[in-house]
$ cat protein.pdb   # PDB, C-alpha atoms and all ligand atoms
ATOM      1  CA  MET A   1     -10.436 -74.947 -10.946  1.00  0.00           C
ATOM      2  CA  SER A   2     -10.997 -73.186  -7.638  1.00  0.00           C
ATOM      3  CA  TYR A   3     -13.939 -71.137  -6.389  1.00  0.00           C
ATOM      4  CA  SER A   4     -13.677 -67.805  -4.620  1.00  0.00           C
ATOM      5  CA  VAL A   5     -16.025 -65.795  -2.460  1.00  0.00           C
ATOM      6  CA  ALA A   6     -15.106 -62.117  -1.981  1.00  0.00           C
ATOM      7  CA  ILE A   7     -16.239 -60.236   1.121  1.00  0.00           C
ATOM      8  CA  ASP A   8     -15.448 -56.533   1.233  1.00  0.00           C
ATOM      9  CA  GLY A   9     -16.545 -53.757   3.530  1.00  0.00           C
ATOM     10  CA  PRO A  10     -15.465 -51.107   6.016  1.00  0.00           C
ATOM     11  CA  ALA A  11     -13.584 -51.673   9.277  1.00  0.00           C
ATOM     12  CA  GLY A  12     -15.693 -53.268  11.974  1.00  0.00           C
ATOM     13  CA  ALA A  13     -18.508 -54.564   9.760  1.00  0.00           C
ATOM     14  CA  GLY A  14     -17.838 -58.112  10.975  1.00  0.00           C
ATOM     15  CA  LYS A  15     -16.123 -59.412   7.847  1.00  0.00           C
ATOM     16  CA  SER A  16     -13.598 -61.648   9.564  1.00  0.00           C
ATOM     17  CA  THR A  17     -16.075 -63.122  12.067  1.00  0.00           C
ATOM     18  CA  ILE A  18     -18.542 -63.923   9.294  1.00  0.00           C
ATOM     19  CA  ALA A  19     -15.961 -65.114   6.764  1.00  0.00           C
ATOM     20  CA  LYS A  20     -14.350 -67.479   9.298  1.00  0.00           C
ATOM     21  CA  LEU A  21     -17.686 -69.063  10.217  1.00  0.00           C
ATOM     22  CA  LEU A  22     -18.738 -69.411   6.583  1.00  0.00           C
ATOM     23  CA  ALA A  23     -15.408 -70.934   5.589  1.00  0.00           C
ATOM     24  CA  ALA A  24     -15.673 -73.560   8.348  1.00  0.00           C
ATOM     25  CA  LYS A  25     -19.280 -74.348   7.409  1.00  0.00           C
ATOM     26  CA  LEU A  26     -18.682 -74.598   3.665  1.00  0.00           C
ATOM     27  CA  ASN A  27     -15.185 -76.070   3.801  1.00  0.00           C
ATOM     28  CA  TYR A  28     -13.387 -73.145   2.198  1.00  0.00           C
ATOM     29  CA  ILE A  29     -10.045 -71.665   3.215  1.00  0.00           C
ATOM     30  CA  TYR A  30     -10.423 -68.323   4.961  1.00  0.00           C
ATOM     31  CA  VAL A  31      -7.985 -65.646   3.750  1.00  0.00           C
ATOM     32  CA  ASP A  32      -7.762 -62.479   5.853  1.00  0.00           C
ATOM     33  CA  THR A  33      -6.081 -59.893   3.615  1.00  0.00           C
ATOM     34  CA  GLY A  34      -6.221 -57.144   6.260  1.00  0.00           C
ATOM     35  CA  ALA A  35      -3.774 -59.250   8.277  1.00  0.00           C
ATOM     36  CA  MET A  36      -1.259 -58.982   5.412  1.00  0.00           C
ATOM     37  CA  TYR A  37      -1.506 -55.166   5.332  1.00  0.00           C
ATOM     38  CA  ARG A  38      -1.165 -55.226   9.123  1.00  0.00           C
ATOM     39  CA  ALA A  39       1.967 -57.409   8.911  1.00  0.00           C
ATOM     40  CA  ILE A  40       3.627 -54.973   6.509  1.00  0.00           C
ATOM     41  CA  ALA A  41       2.604 -52.168   8.886  1.00  0.00           C
ATOM     42  CA  VAL A  42       4.341 -54.020  11.747  1.00  0.00           C
ATOM     43  CA  TYR A  43       7.496 -54.140   9.627  1.00  0.00           C
ATOM     44  CA  PHE A  44       7.279 -50.382   8.934  1.00  0.00           C
ATOM     45  CA  SER A  45       6.798 -49.632  12.647  1.00  0.00           C
ATOM     46  CA  GLN A  46       9.616 -51.939  13.714  1.00  0.00           C
ATOM     47  CA  ASN A  47      11.952 -50.283  11.217  1.00  0.00           C
ATOM     48  CA  ASN A  48      10.846 -46.697  11.900  1.00  0.00           C
ATOM     49  CA  VAL A  49       9.657 -46.186   8.330  1.00  0.00           C
ATOM     50  CA  ASN A  50       7.826 -42.883   7.910  1.00  0.00           C
ATOM     51  CA  PRO A  51       4.283 -43.749   6.713  1.00  0.00           C
ATOM     52  CA  ASP A  52       3.993 -40.363   4.961  1.00  0.00           C
ATOM     53  CA  ASP A  53       7.091 -40.848   2.799  1.00  0.00           C
ATOM     54  CA  GLU A  54       6.330 -42.963  -0.286  1.00  0.00           C
ATOM     55  CA  ARG A  55      10.008 -43.282  -1.271  1.00  0.00           C
ATOM     56  CA  GLU A  56      10.876 -44.682   2.144  1.00  0.00           C
ATOM     57  CA  ILE A  57       7.931 -47.073   1.915  1.00  0.00           C
ATOM     58  CA  GLU A  58       8.978 -48.266  -1.559  1.00  0.00           C
ATOM     59  CA  ALA A  59      12.530 -48.936  -0.395  1.00  0.00           C
ATOM     60  CA  ALA A  60      11.334 -50.714   2.759  1.00  0.00           C
ATOM     61  CA  VAL A  61       8.901 -52.983   0.861  1.00  0.00           C
ATOM     62  CA  LEU A  62      11.890 -54.528  -0.945  1.00  0.00           C
ATOM     63  CA  GLY A  63      12.982 -55.962   2.392  1.00  0.00           C
ATOM     64  CA  VAL A  64       9.635 -57.563   3.161  1.00  0.00           C
ATOM     65  CA  ASP A  65       8.739 -61.187   2.602  1.00  0.00           C
ATOM     66  CA  ILE A  66       5.237 -62.229   3.644  1.00  0.00           C
ATOM     67  CA  THR A  67       3.889 -65.755   3.479  1.00  0.00           C
ATOM     68  CA  ILE A  68       0.749 -67.388   4.801  1.00  0.00           C
ATOM     69  CA  GLU A  69       0.486 -70.670   6.672  1.00  0.00           C
ATOM     70  CA  TYR A  70      -2.382 -72.423   8.400  1.00  0.00           C
ATOM     71  CA  ILE A  71      -2.190 -73.988  11.861  1.00  0.00           C
ATOM     72  CA  ASP A  72      -5.308 -75.975  12.748  1.00  0.00           C
ATOM     73  CA  GLY A  73      -7.122 -74.066  10.027  1.00  0.00           C
ATOM     74  CA  VAL A  74      -6.149 -70.665  11.469  1.00  0.00           C
ATOM     75  CA  GLN A  75      -4.270 -68.246   9.201  1.00  0.00           C
ATOM     76  CA  GLN A  76      -0.766 -67.308  10.342  1.00  0.00           C
ATOM     77  CA  VAL A  77       1.184 -64.459   8.783  1.00  0.00           C
ATOM     78  CA  ILE A  78       4.910 -64.996   8.491  1.00  0.00           C
ATOM     79  CA  LEU A  79       6.980 -61.816   8.138  1.00  0.00           C
ATOM     80  CA  ASN A  80      10.584 -62.401   7.081  1.00  0.00           C
ATOM     81  CA  GLY A  81      10.519 -65.827   8.719  1.00  0.00           C
ATOM     82  CA  ASP A  82       8.783 -64.761  11.963  1.00  0.00           C
ATOM     83  CA  ASN A  83       5.190 -65.549  12.837  1.00  0.00           C
ATOM     84  CA  VAL A  84       3.763 -62.082  13.644  1.00  0.00           C
ATOM     85  CA  THR A  85       0.096 -63.096  13.863  1.00  0.00           C
ATOM     86  CA  HIS A  86      -0.122 -62.182  17.558  1.00  0.00           C
ATOM     87  CA  LEU A  87       1.024 -58.596  16.833  1.00  0.00           C
ATOM     88  CA  LEU A  88      -1.562 -57.750  14.217  1.00  0.00           C
ATOM     89  CA  ARG A  89      -4.797 -56.855  15.963  1.00  0.00           C
ATOM     90  CA  THR A  90      -3.781 -53.713  17.869  1.00  0.00           C
ATOM     91  CA  GLU A  91      -5.358 -50.316  17.133  1.00  0.00           C
ATOM     92  CA  GLU A  92      -1.910 -48.850  16.391  1.00  0.00           C
ATOM     93  CA  THR A  93      -1.149 -51.512  13.773  1.00  0.00           C
ATOM     94  CA  GLY A  94      -4.616 -50.996  12.245  1.00  0.00           C
ATOM     95  CA  ARG A  95      -3.989 -47.273  11.915  1.00  0.00           C
ATOM     96  CA  MET A  96      -0.538 -47.825  10.367  1.00  0.00           C
ATOM     97  CA  ALA A  97      -2.033 -50.394   7.955  1.00  0.00           C
ATOM     98  CA  SER A  98      -4.761 -47.993   6.901  1.00  0.00           C
ATOM     99  CA  LYS A  99      -2.159 -45.273   6.196  1.00  0.00           C
ATOM    100  CA  THR A 100       0.348 -47.434   4.340  1.00  0.00           C
ATOM    101  CA  SER A 101      -2.076 -49.592   2.337  1.00  0.00           C
ATOM    102  CA  LYS A 102      -2.628 -46.672  -0.038  1.00  0.00           C
ATOM    103  CA  TYR A 103       0.794 -47.125  -1.677  1.00  0.00           C
ATOM    104  CA  ALA A 104       1.133 -48.977  -5.007  1.00  0.00           C
ATOM    105  CA  ALA A 105       4.308 -50.776  -3.866  1.00  0.00           C
ATOM    106  CA  VAL A 106       2.506 -52.235  -0.852  1.00  0.00           C
ATOM    107  CA  ARG A 107      -0.653 -53.176  -2.724  1.00  0.00           C
ATOM    108  CA  SER A 108       0.985 -54.839  -5.721  1.00  0.00           C
ATOM    109  CA  LYS A 109       3.061 -57.067  -3.464  1.00  0.00           C
ATOM    110  CA  LEU A 110       0.064 -58.265  -1.475  1.00  0.00           C
ATOM    111  CA  VAL A 111      -2.433 -58.518  -4.342  1.00  0.00           C
ATOM    112  CA  GLU A 112      -0.068 -60.939  -6.069  1.00  0.00           C
ATOM    113  CA  LEU A 113       0.145 -63.121  -2.945  1.00  0.00           C
ATOM    114  CA  GLN A 114      -3.650 -63.053  -2.562  1.00  0.00           C
ATOM    115  CA  ARG A 115      -4.219 -64.149  -6.163  1.00  0.00           C
ATOM    116  CA  GLN A 116      -1.758 -67.018  -5.749  1.00  0.00           C
ATOM    117  CA  LEU A 117      -3.646 -68.242  -2.681  1.00  0.00           C
ATOM    118  CA  ALA A 118      -6.972 -68.108  -4.511  1.00  0.00           C
ATOM    119  CA  LYS A 119      -5.542 -70.154  -7.391  1.00  0.00           C
ATOM    120  CA  LYS A 120      -4.557 -72.999  -5.088  1.00  0.00           C
ATOM    121  CA  ALA A 121      -7.763 -73.487  -3.104  1.00  0.00           C
ATOM    122  CA  ASN A 122     -11.414 -72.543  -2.698  1.00  0.00           C
ATOM    123  CA  VAL A 123     -11.226 -69.368  -0.630  1.00  0.00           C
ATOM    124  CA  ILE A 124     -13.428 -66.959   1.216  1.00  0.00           C
ATOM    125  CA  MET A 125     -11.286 -63.842   1.114  1.00  0.00           C
ATOM    126  CA  ASP A 126     -12.089 -60.655   2.988  1.00  0.00           C
ATOM    127  CA  GLY A 127     -10.682 -57.163   2.565  1.00  0.00           C
ATOM    128  CA  ARG A 128     -11.465 -53.879   0.839  1.00  0.00           C
ATOM    129  CA  ASP A 129     -10.734 -54.550  -2.851  1.00  0.00           C
ATOM    130  CA  ILE A 130     -11.267 -58.280  -3.262  1.00  0.00           C
ATOM    131  CA  GLY A 131     -14.381 -58.079  -5.457  1.00  0.00           C
ATOM    132  CA  THR A 132     -13.192 -55.022  -7.382  1.00  0.00           C
ATOM    133  CA  THR A 133      -9.493 -55.755  -7.954  1.00  0.00           C
ATOM    134  CA  VAL A 134      -8.003 -58.914  -6.461  1.00  0.00           C
ATOM    135  CA  LEU A 135     -10.590 -61.463  -7.608  1.00  0.00           C
ATOM    136  CA  PRO A 136     -12.882 -59.738 -10.123  1.00  0.00           C
ATOM    137  CA  ASP A 137     -14.081 -63.180 -11.284  1.00  0.00           C
ATOM    138  CA  ALA A 138     -15.141 -64.406  -7.830  1.00  0.00           C
ATOM    139  CA  PHE A 139     -18.412 -66.285  -8.282  1.00  0.00           C
ATOM    140  CA  CYS A 140     -19.938 -64.627  -5.230  1.00  0.00           C
ATOM    141  CA  LYS A 141     -19.235 -61.103  -3.962  1.00  0.00           C
ATOM    142  CA  ILE A 142     -20.608 -59.649  -0.755  1.00  0.00           C
ATOM    143  CA  TYR A 143     -20.333 -56.041   0.392  1.00  0.00           C
ATOM    144  CA  LEU A 144     -20.735 -56.258   4.152  1.00  0.00           C
ATOM    145  CA  THR A 145     -21.427 -53.041   5.978  1.00  0.00           C
ATOM    146  CA  ALA A 146     -23.083 -51.553   9.064  1.00  0.00           C
ATOM    147  CA  SER A 147     -23.730 -48.047  10.353  1.00  0.00           C
ATOM    148  CA  VAL A 148     -20.800 -46.249  12.002  1.00  0.00           C
ATOM    149  CA  ASP A 149     -22.687 -46.346  15.319  1.00  0.00           C
ATOM    150  CA  ALA A 150     -23.319 -50.089  15.127  1.00  0.00           C
ATOM    151  CA  ARG A 151     -19.660 -50.744  14.307  1.00  0.00           C
ATOM    152  CA  ALA A 152     -18.381 -48.445  17.049  1.00  0.00           C
ATOM    153  CA  LYS A 153     -20.698 -50.053  19.597  1.00  0.00           C
ATOM    154  CA  ARG A 154     -19.489 -53.558  18.681  1.00  0.00           C
ATOM    155  CA  ARG A 155     -15.866 -52.505  19.025  1.00  0.00           C
ATOM    156  CA  PHE A 156     -16.594 -50.748  22.312  1.00  0.00           C
ATOM    157  CA  ASP A 157     -18.366 -53.856  23.703  1.00  0.00           C
ATOM    158  CA  GLU A 158     -15.510 -56.092  22.514  1.00  0.00           C
ATOM    159  CA  LEU A 159     -12.822 -53.966  24.246  1.00  0.00           C
ATOM    160  CA  SER A 160     -14.935 -53.481  27.396  1.00  0.00           C
ATOM    161  CA  ALA A 161     -15.426 -57.250  27.668  1.00  0.00           C
ATOM    162  CA  LYS A 162     -11.626 -57.579  27.690  1.00  0.00           C
ATOM    163  CA  ASN A 163     -11.425 -54.830  30.360  1.00  0.00           C
ATOM    164  CA  GLU A 164      -9.421 -52.655  27.984  1.00  0.00           C
ATOM    165  CA  PRO A 165      -9.923 -48.957  28.726  1.00  0.00           C
ATOM    166  CA  CYS A 166     -11.645 -47.247  25.776  1.00  0.00           C
ATOM    167  CA  SER A 167     -13.916 -44.366  24.879  1.00  0.00           C
ATOM    168  CA  TYR A 168     -16.892 -44.770  22.567  1.00  0.00           C
ATOM    169  CA  GLU A 169     -16.295 -41.353  20.999  1.00  0.00           C
ATOM    170  CA  THR A 170     -12.621 -42.123  20.261  1.00  0.00           C
ATOM    171  CA  ILE A 171     -13.517 -45.480  18.711  1.00  0.00           C
ATOM    172  CA  LYS A 172     -16.190 -43.860  16.560  1.00  0.00           C
ATOM    173  CA  ALA A 173     -13.824 -41.104  15.385  1.00  0.00           C
ATOM    174  CA  ASP A 174     -11.188 -43.716  14.578  1.00  0.00           C
ATOM    175  CA  ILE A 175     -13.657 -45.756  12.507  1.00  0.00           C
ATOM    176  CA  GLU A 176     -14.736 -42.632  10.623  1.00  0.00           C
ATOM    177  CA  GLU A 177     -11.133 -41.733   9.881  1.00  0.00           C
ATOM    178  CA  ARG A 178     -10.330 -45.229   8.628  1.00  0.00           C
ATOM    179  CA  ASP A 179     -13.482 -45.296   6.474  1.00  0.00           C
ATOM    180  CA  TYR A 180     -12.425 -42.010   4.910  1.00  0.00           C
ATOM    181  CA  GLN A 181      -8.864 -43.204   4.244  1.00  0.00           C
ATOM    182  CA  ASP A 182      -9.951 -46.566   2.856  1.00  0.00           C
ATOM    183  CA  MET A 183     -12.677 -45.072   0.619  1.00  0.00           C
ATOM    184  CA  HIS A 184     -10.748 -42.090  -0.726  1.00  0.00           C
ATOM    185  CA  ARG A 185      -7.325 -43.449  -1.621  1.00  0.00           C
ATOM    186  CA  GLU A 186      -6.364 -43.369  -5.260  1.00  0.00           C
ATOM    187  CA  ILE A 187      -5.563 -47.057  -5.782  1.00  0.00           C
ATOM    188  CA  SER A 188      -8.275 -49.658  -5.177  1.00  0.00           C
ATOM    189  CA  PRO A 189     -10.410 -47.623  -2.782  1.00  0.00           C
ATOM    190  CA  LEU A 190     -13.039 -49.464  -0.785  1.00  0.00           C
ATOM    191  CA  LYS A 191     -16.254 -49.556  -2.786  1.00  0.00           C
ATOM    192  CA  GLN A 192     -18.993 -52.001  -3.583  1.00  0.00           C
ATOM    193  CA  ALA A 193     -18.302 -54.003  -6.753  1.00  0.00           C
ATOM    194  CA  GLU A 194     -21.099 -53.659  -9.293  1.00  0.00           C
ATOM    195  CA  ASP A 195     -21.964 -57.331  -9.006  1.00  0.00           C
ATOM    196  CA  ALA A 196     -21.671 -57.541  -5.203  1.00  0.00           C
ATOM    197  CA  VAL A 197     -24.656 -58.162  -2.935  1.00  0.00           C
ATOM    198  CA  LEU A 198     -25.025 -55.510  -0.227  1.00  0.00           C
ATOM    199  CA  VAL A 199     -25.558 -56.905   3.276  1.00  0.00           C
ATOM    200  CA  ASP A 200     -26.156 -54.329   6.040  1.00  0.00           C
ATOM    201  CA  THR A 201     -25.546 -56.043   9.366  1.00  0.00           C
ATOM    202  CA  SER A 202     -26.511 -53.093  11.628  1.00  0.00           C
ATOM    203  CA  GLU A 203     -29.642 -54.861  12.853  1.00  0.00           C
ATOM    204  CA  MET A 204     -28.592 -58.482  12.319  1.00  0.00           C
ATOM    205  CA  THR A 205     -27.080 -61.101  14.617  1.00  0.00           C
ATOM    206  CA  VAL A 206     -23.961 -63.010  13.550  1.00  0.00           C
ATOM    207  CA  ASP A 207     -26.048 -66.155  12.940  1.00  0.00           C
ATOM    208  CA  GLU A 208     -28.506 -64.247  10.782  1.00  0.00           C
ATOM    209  CA  VAL A 209     -25.697 -62.814   8.651  1.00  0.00           C
ATOM    210  CA  VAL A 210     -24.024 -66.219   8.235  1.00  0.00           C
ATOM    211  CA  ASP A 211     -27.320 -67.888   7.242  1.00  0.00           C
ATOM    212  CA  HIS A 212     -28.134 -65.092   4.818  1.00  0.00           C
ATOM    213  CA  ILE A 213     -24.755 -65.194   3.047  1.00  0.00           C
ATOM    214  CA  GLU A 214     -24.694 -68.996   3.035  1.00  0.00           C
ATOM    215  CA  GLN A 215     -27.983 -68.854   1.173  1.00  0.00           C
ATOM    216  CA  ILE A 216     -26.547 -66.403  -1.370  1.00  0.00           C
ATOM    217  CA  ILE A 217     -23.458 -68.602  -1.909  1.00  0.00           C
ATOM    218  CA  LYS A 218     -25.592 -71.731  -2.358  1.00  0.00           C
ATOM    219  CA  GLU A 219     -27.824 -70.007  -4.881  1.00  0.00           C
ATOM    220  CA  ARG A 220     -24.770 -69.090  -6.925  1.00  0.00           C
ATOM    221  CA  GLN A 221     -23.076 -72.480  -6.745  1.00  0.00           C
TER     222      GLN A 221
HETATM  223  O1  LIG B 301      -9.527 -55.379   7.749  1.00  0.00           O
HETATM  224  P1  LIG B 301      -8.418 -54.800   8.603  1.00  0.00           P
HETATM  225  O2  LIG B 301      -8.887 -53.786   9.628  1.00  0.00           O
HETATM  226  O3  LIG B 301      -7.559 -55.848   9.216  1.00  0.00           O
HETATM  227  O4  LIG B 301      -7.480 -53.981   7.563  1.00  0.00           O
HETATM  228  C1  LIG B 301      -6.422 -53.162   7.981  1.00  0.00           C
HETATM  229  C2  LIG B 301      -6.168 -52.083   6.923  1.00  0.00           C
HETATM  230  O5  LIG B 301      -5.627 -52.688   5.751  1.00  0.00           O
HETATM  231  C3  LIG B 301      -7.400 -51.321   6.451  1.00  0.00           C
HETATM  232  O6  LIG B 301      -7.572 -50.090   7.105  1.00  0.00           O
HETATM  233  C4  LIG B 301      -7.180 -51.096   4.995  1.00  0.00           C
HETATM  234  C5  LIG B 301      -6.166 -52.097   4.591  1.00  0.00           C
HETATM  235  N1  LIG B 301      -6.671 -53.139   3.693  1.00  0.00           N
HETATM  236  C6  LIG B 301      -6.677 -52.846   2.343  1.00  0.00           C
HETATM  237  O7  LIG B 301      -6.343 -51.744   1.945  1.00  0.00           O
HETATM  238  N2  LIG B 301      -7.048 -53.806   1.450  1.00  0.00           N
HETATM  239  C7  LIG B 301      -7.442 -55.012   1.866  1.00  0.00           C
HETATM  240  N3  LIG B 301      -7.791 -55.941   0.959  1.00  0.00           N
HETATM  241  C8  LIG B 301      -7.473 -55.321   3.252  1.00  0.00           C
HETATM  242  C9  LIG B 301      -7.096 -54.341   4.140  1.00  0.00           C
END
$ encode --input "protein.pdb" --output "structure tokens" --more "lines below"
Ligand code: DC
Amino acid sequence: MSYSVAIDGPAGAGKSTIAKLLAAKLNYIYVDTGAMYRAIAVYFSQNNVNPDDEREIEAAVLGVDITIEYIDGVQQVILNGDNVTHLLRTEETGRMASKTSKYAAVRSKLVELQRQLAKKANVIMDGRDIGTTVLPDAFCKIYLTASVDARAKRRFDELSAKNEPCSYETIKADIEERDYQDMHREISPLKQAEDAVLVDTSEMTVDEVVDHIEQIIKERQ
């Protein structure tokens, strides 16, 4: 019997930062499902698959094999035998993932993989549909969100710290577009599960969020 914690929420709410810290603290395996959608998006980009053509996407998915490994506790995504983890966090890949994650062929492939992982170990899994679709029986569900401005500011600060040229307005518009796409697709749109606890991190530090969710998990255990 394994135990699962589901953390869902919009882009930039801090899901992966928080989930990673919680997993290390509570000795769970962290599963980043966004990275799987990003890996498929890398495959589509590399093979010039048109993200607006569902037929092309369906045919391309047949050629995709994604597996997950852990190196020193850090999730690695293996795409057709190659470790593509280092290619996943670009804005372009994020945009492609947001566009192509709406297709049934893409989702069913990855949901299956995610459920298999959760069967094998205690997981903290983050994404958009974990509490609603992937793991509806998770014993603890968190809906992690923050205002668009708070999320855009965090992203802007993150890129500025790395000396990457960026504009606050562009980042904000991008976040709004991704929110819209993720929340309005037909299959498994991003929404708070009925039994999820809402945590708004707009005015909270990372430590405060981790402590707060740790408390919620412990109460449920
Ligand atoms: O969390 P992220 O930014 O790495 O996710 C990239 C995209 O993948 C996101 O825009 C929507 C999609 N995604 C999804 O549809 N379902 C998930 N469980 C995780 C991510």
$ closest_atom_pairs --input "protein.pdb" --of "chain A" --to "ligand LIG 301 (chain B)" --cutoff "6 Å" --atoms "only C-alpha atoms and all ligand atoms" --output "Markdown table"
| residue | atom | partner | partner_atom | distance |
| --- | --- | --- | --- | --- |
| A:Ala11 | CA | B:LIG301 | O2 | 5.2 |
| A:Thr33 | CA | B:LIG301 | C8 | 4.8 |
| A:Gly34 | CA | B:LIG301 | O3 | 3.5 |
| A:Ala35 | CA | B:LIG301 | O3 | 5.2 |
| A:Tyr37 | CA | B:LIG301 | O5 | 4.8 |
| A:Arg38 | CA | B:LIG301 | C1 | 5.8 |
| A:Gly94 | CA | B:LIG301 | C1 | 5.1 |
| A:Ala97 | CA | B:LIG301 | C2 | 4.6 |
| A:Ser98 | CA | B:LIG301 | O6 | 3.5 |
| A:Ser101 | CA | B:LIG301 | O7 | 4.8 |
| A:Gly127 | CA | B:LIG301 | N3 | 3.5 |
| A:Arg128 | CA | B:LIG301 | N3 | 4.2 |
| A:Asp129 | CA | B:LIG301 | N3 | 5.0 |
| A:Ile130 | CA | B:LIG301 | N3 | 5.9 |
| A:Arg178 | CA | B:LIG301 | O6 | 5.8 |
| A:Asp182 | CA | B:LIG301 | C4 | 5.7 |
$ residues_around --input "protein.pdb" --residues "Val42 (chain A)" --least-positions-apart "6" --cutoff "10 Å" --atoms "all atoms listed in the file" --output "number ranges by chain"
A: 36, 48, 79, 84, 87-88, 92-94, 96-97
$ closest_residue --input "protein.pdb" --among "A:Val197, A:Ala13, A:Ala24, A:Val61" --to "Arg151 (chain A)" --atoms "all atoms listed in the file"
A:Ala13
$ resolve_selection --input "protein.pdb" --expression "the PyMOL selection byres (((chain A and resi 62-75) around 12) and not hetatm)" --output "MDAnalysis selection string"
chainID A and resid 16 20:21 23:24 27:44 46:47 49 55:61 76:86 88 105:106 108:114 116:117 125
$ residues_around --input "protein.pdb" --residues "Ser202 (chain A)" --least-positions-apart "4" --cutoff "6 Å" --atoms "only C-alpha atoms" --output "PDB file with C-alpha atoms, in the frame of the given file"
ATOM      1  CA  ALA A 146     -23.083 -51.553   9.064  1.00  0.00           C
ATOM      2  CA  SER A 147     -23.730 -48.047  10.353  1.00  0.00           C
ATOM      3  CA  ALA A 150     -23.319 -50.089  15.127  1.00  0.00           C
TER       4      ALA A 150
END
$ atom_distance --input "protein.pdb" --atom1 "CA of Ala138 (chain A)" --atom2 "CA of Ser4 (chain A)"
4.9 Å
$ atom_distance --input "protein.pdb" --atom1 "CA of Glu158 (chain A)" --atom2 "CA of Ile124 (chain A)"
24.0 Å
$ atom_distance --input "protein.pdb" --atom1 "CA of Ile18 (chain A)" --atom2 "CA of Thr201 (chain A)"
10.5 Å
$ residues_near_point --input "protein.pdb" --point "(-15.5, -59.8, -7.3)" --cutoff "9 Å" --atoms "all atoms listed in the file" --output "MDAnalysis selection string"
chainID A and resid 4:7 129:142 193:196
$ write_last_selection --input "protein.pdb" --atoms "C-alpha atoms" --output "CSV table (one decimal), in the coordinates of the input"
chain,number,residue,atom,x,y,z
A,4,SER,CA,-13.7,-67.8,-4.6
A,5,VAL,CA,-16.0,-65.8,-2.5
A,6,ALA,CA,-15.1,-62.1,-2.0
A,7,ILE,CA,-16.2,-60.2,1.1
A,129,ASP,CA,-10.7,-54.6,-2.9
A,130,ILE,CA,-11.3,-58.3,-3.3
A,131,GLY,CA,-14.4,-58.1,-5.5
A,132,THR,CA,-13.2,-55.0,-7.4
A,133,THR,CA,-9.5,-55.8,-8.0
A,134,VAL,CA,-8.0,-58.9,-6.5
A,135,LEU,CA,-10.6,-61.5,-7.6
A,136,PRO,CA,-12.9,-59.7,-10.1
A,137,ASP,CA,-14.1,-63.2,-11.3
A,138,ALA,CA,-15.1,-64.4,-7.8
A,139,PHE,CA,-18.4,-66.3,-8.3
A,140,CYS,CA,-19.9,-64.6,-5.2
A,141,LYS,CA,-19.2,-61.1,-4.0
A,142,ILE,CA,-20.6,-59.6,-0.8
A,193,ALA,CA,-18.3,-54.0,-6.8
A,194,GLU,CA,-21.1,-53.7,-9.3
A,195,ASP,CA,-22.0,-57.3,-9.0
A,196,ALA,CA,-21.7,-57.5,-5.2
$ residues_around --input "protein.pdb" --residues "Arg185 (chain A)" --least-positions-apart "4" --cutoff "12 Å" --atoms "only C-alpha atoms" --output "ChimeraX atom specification"
/A:98-104,107,128-129,178-181,189-191
$ closest_residue --input "protein.pdb" --among "A:Ser45, A:Gln221, A:Ser167, A:Gln215" --to "Arg155 (chain A)" --atoms "all atoms listed in the file"
A:Ser167
$ residues_around --input "protein.pdb" --residues "Asp211 (chain A)" --least-positions-apart "3" --cutoff "12 Å" --atoms "all atoms listed in the file" --output "number ranges by chain"
A: 18-19, 21-22, 25-26, 199, 204-208, 214-218
$ closest_residue --input "protein.pdb" --among "A:Asn122, A:Thr145, A:Glu169, A:Arg220" --to "Asp200 (chain A)" --atoms "all atoms listed in the file"
A:Thr145
$ closest_residue --input "protein.pdb" --among "A:Leu198, A:Tyr143, A:Ser188, A:Arg89" --to "Leu159 (chain A)" --atoms "only C-alpha atoms"
A:Arg89
$ decode --input "protein.pdb" --residues "region 108-114 of chain A" --atoms "N, CA, C and O atoms" --output "CSV table (one decimal), in the first residue's frame"
chain,number,residue,atom,x,y,z
A,108,SER,N,-3.4,10.3,-22.1
A,108,SER,CA,-3.6,8.9,-21.7
A,108,SER,C,-2.3,8.2,-21.5
A,108,SER,O,-2.1,7.4,-20.6
A,109,LYS,N,-1.4,8.5,-22.4
A,109,LYS,CA,0.0,7.8,-22.3
A,109,LYS,C,0.6,8.2,-20.9
A,109,LYS,O,1.2,7.4,-20.2
A,110,LEU,N,0.6,9.5,-20.6
A,110,LEU,CA,1.3,10.0,-19.4
A,110,LEU,C,0.6,9.7,-18.1
A,110,LEU,O,1.2,9.3,-17.1
A,111,VAL,N,-0.8,9.7,-18.2
A,111,VAL,CA,-1.5,9.4,-16.9
A,111,VAL,C,-1.3,8.0,-16.5
A,111,VAL,O,-1.1,7.7,-15.3
A,112,GLU,N,-1.2,7.1,-17.5
A,112,GLU,CA,-0.9,5.7,-17.2
A,112,GLU,C,0.5,5.5,-16.5
A,112,GLU,O,0.6,4.9,-15.4
A,113,LEU,N,1.5,6.2,-17.0
A,113,LEU,CA,2.8,6.2,-16.4
A,113,LEU,C,2.8,6.7,-15.0
A,113,LEU,O,3.4,6.2,-14.1
A,114,GLN,N,2.1,7.8,-14.8
A,114,GLN,CA,2.0,8.5,-13.5
A,114,GLN,C,1.3,7.5,-12.5
A,114,GLN,O,1.8,7.4,-11.3
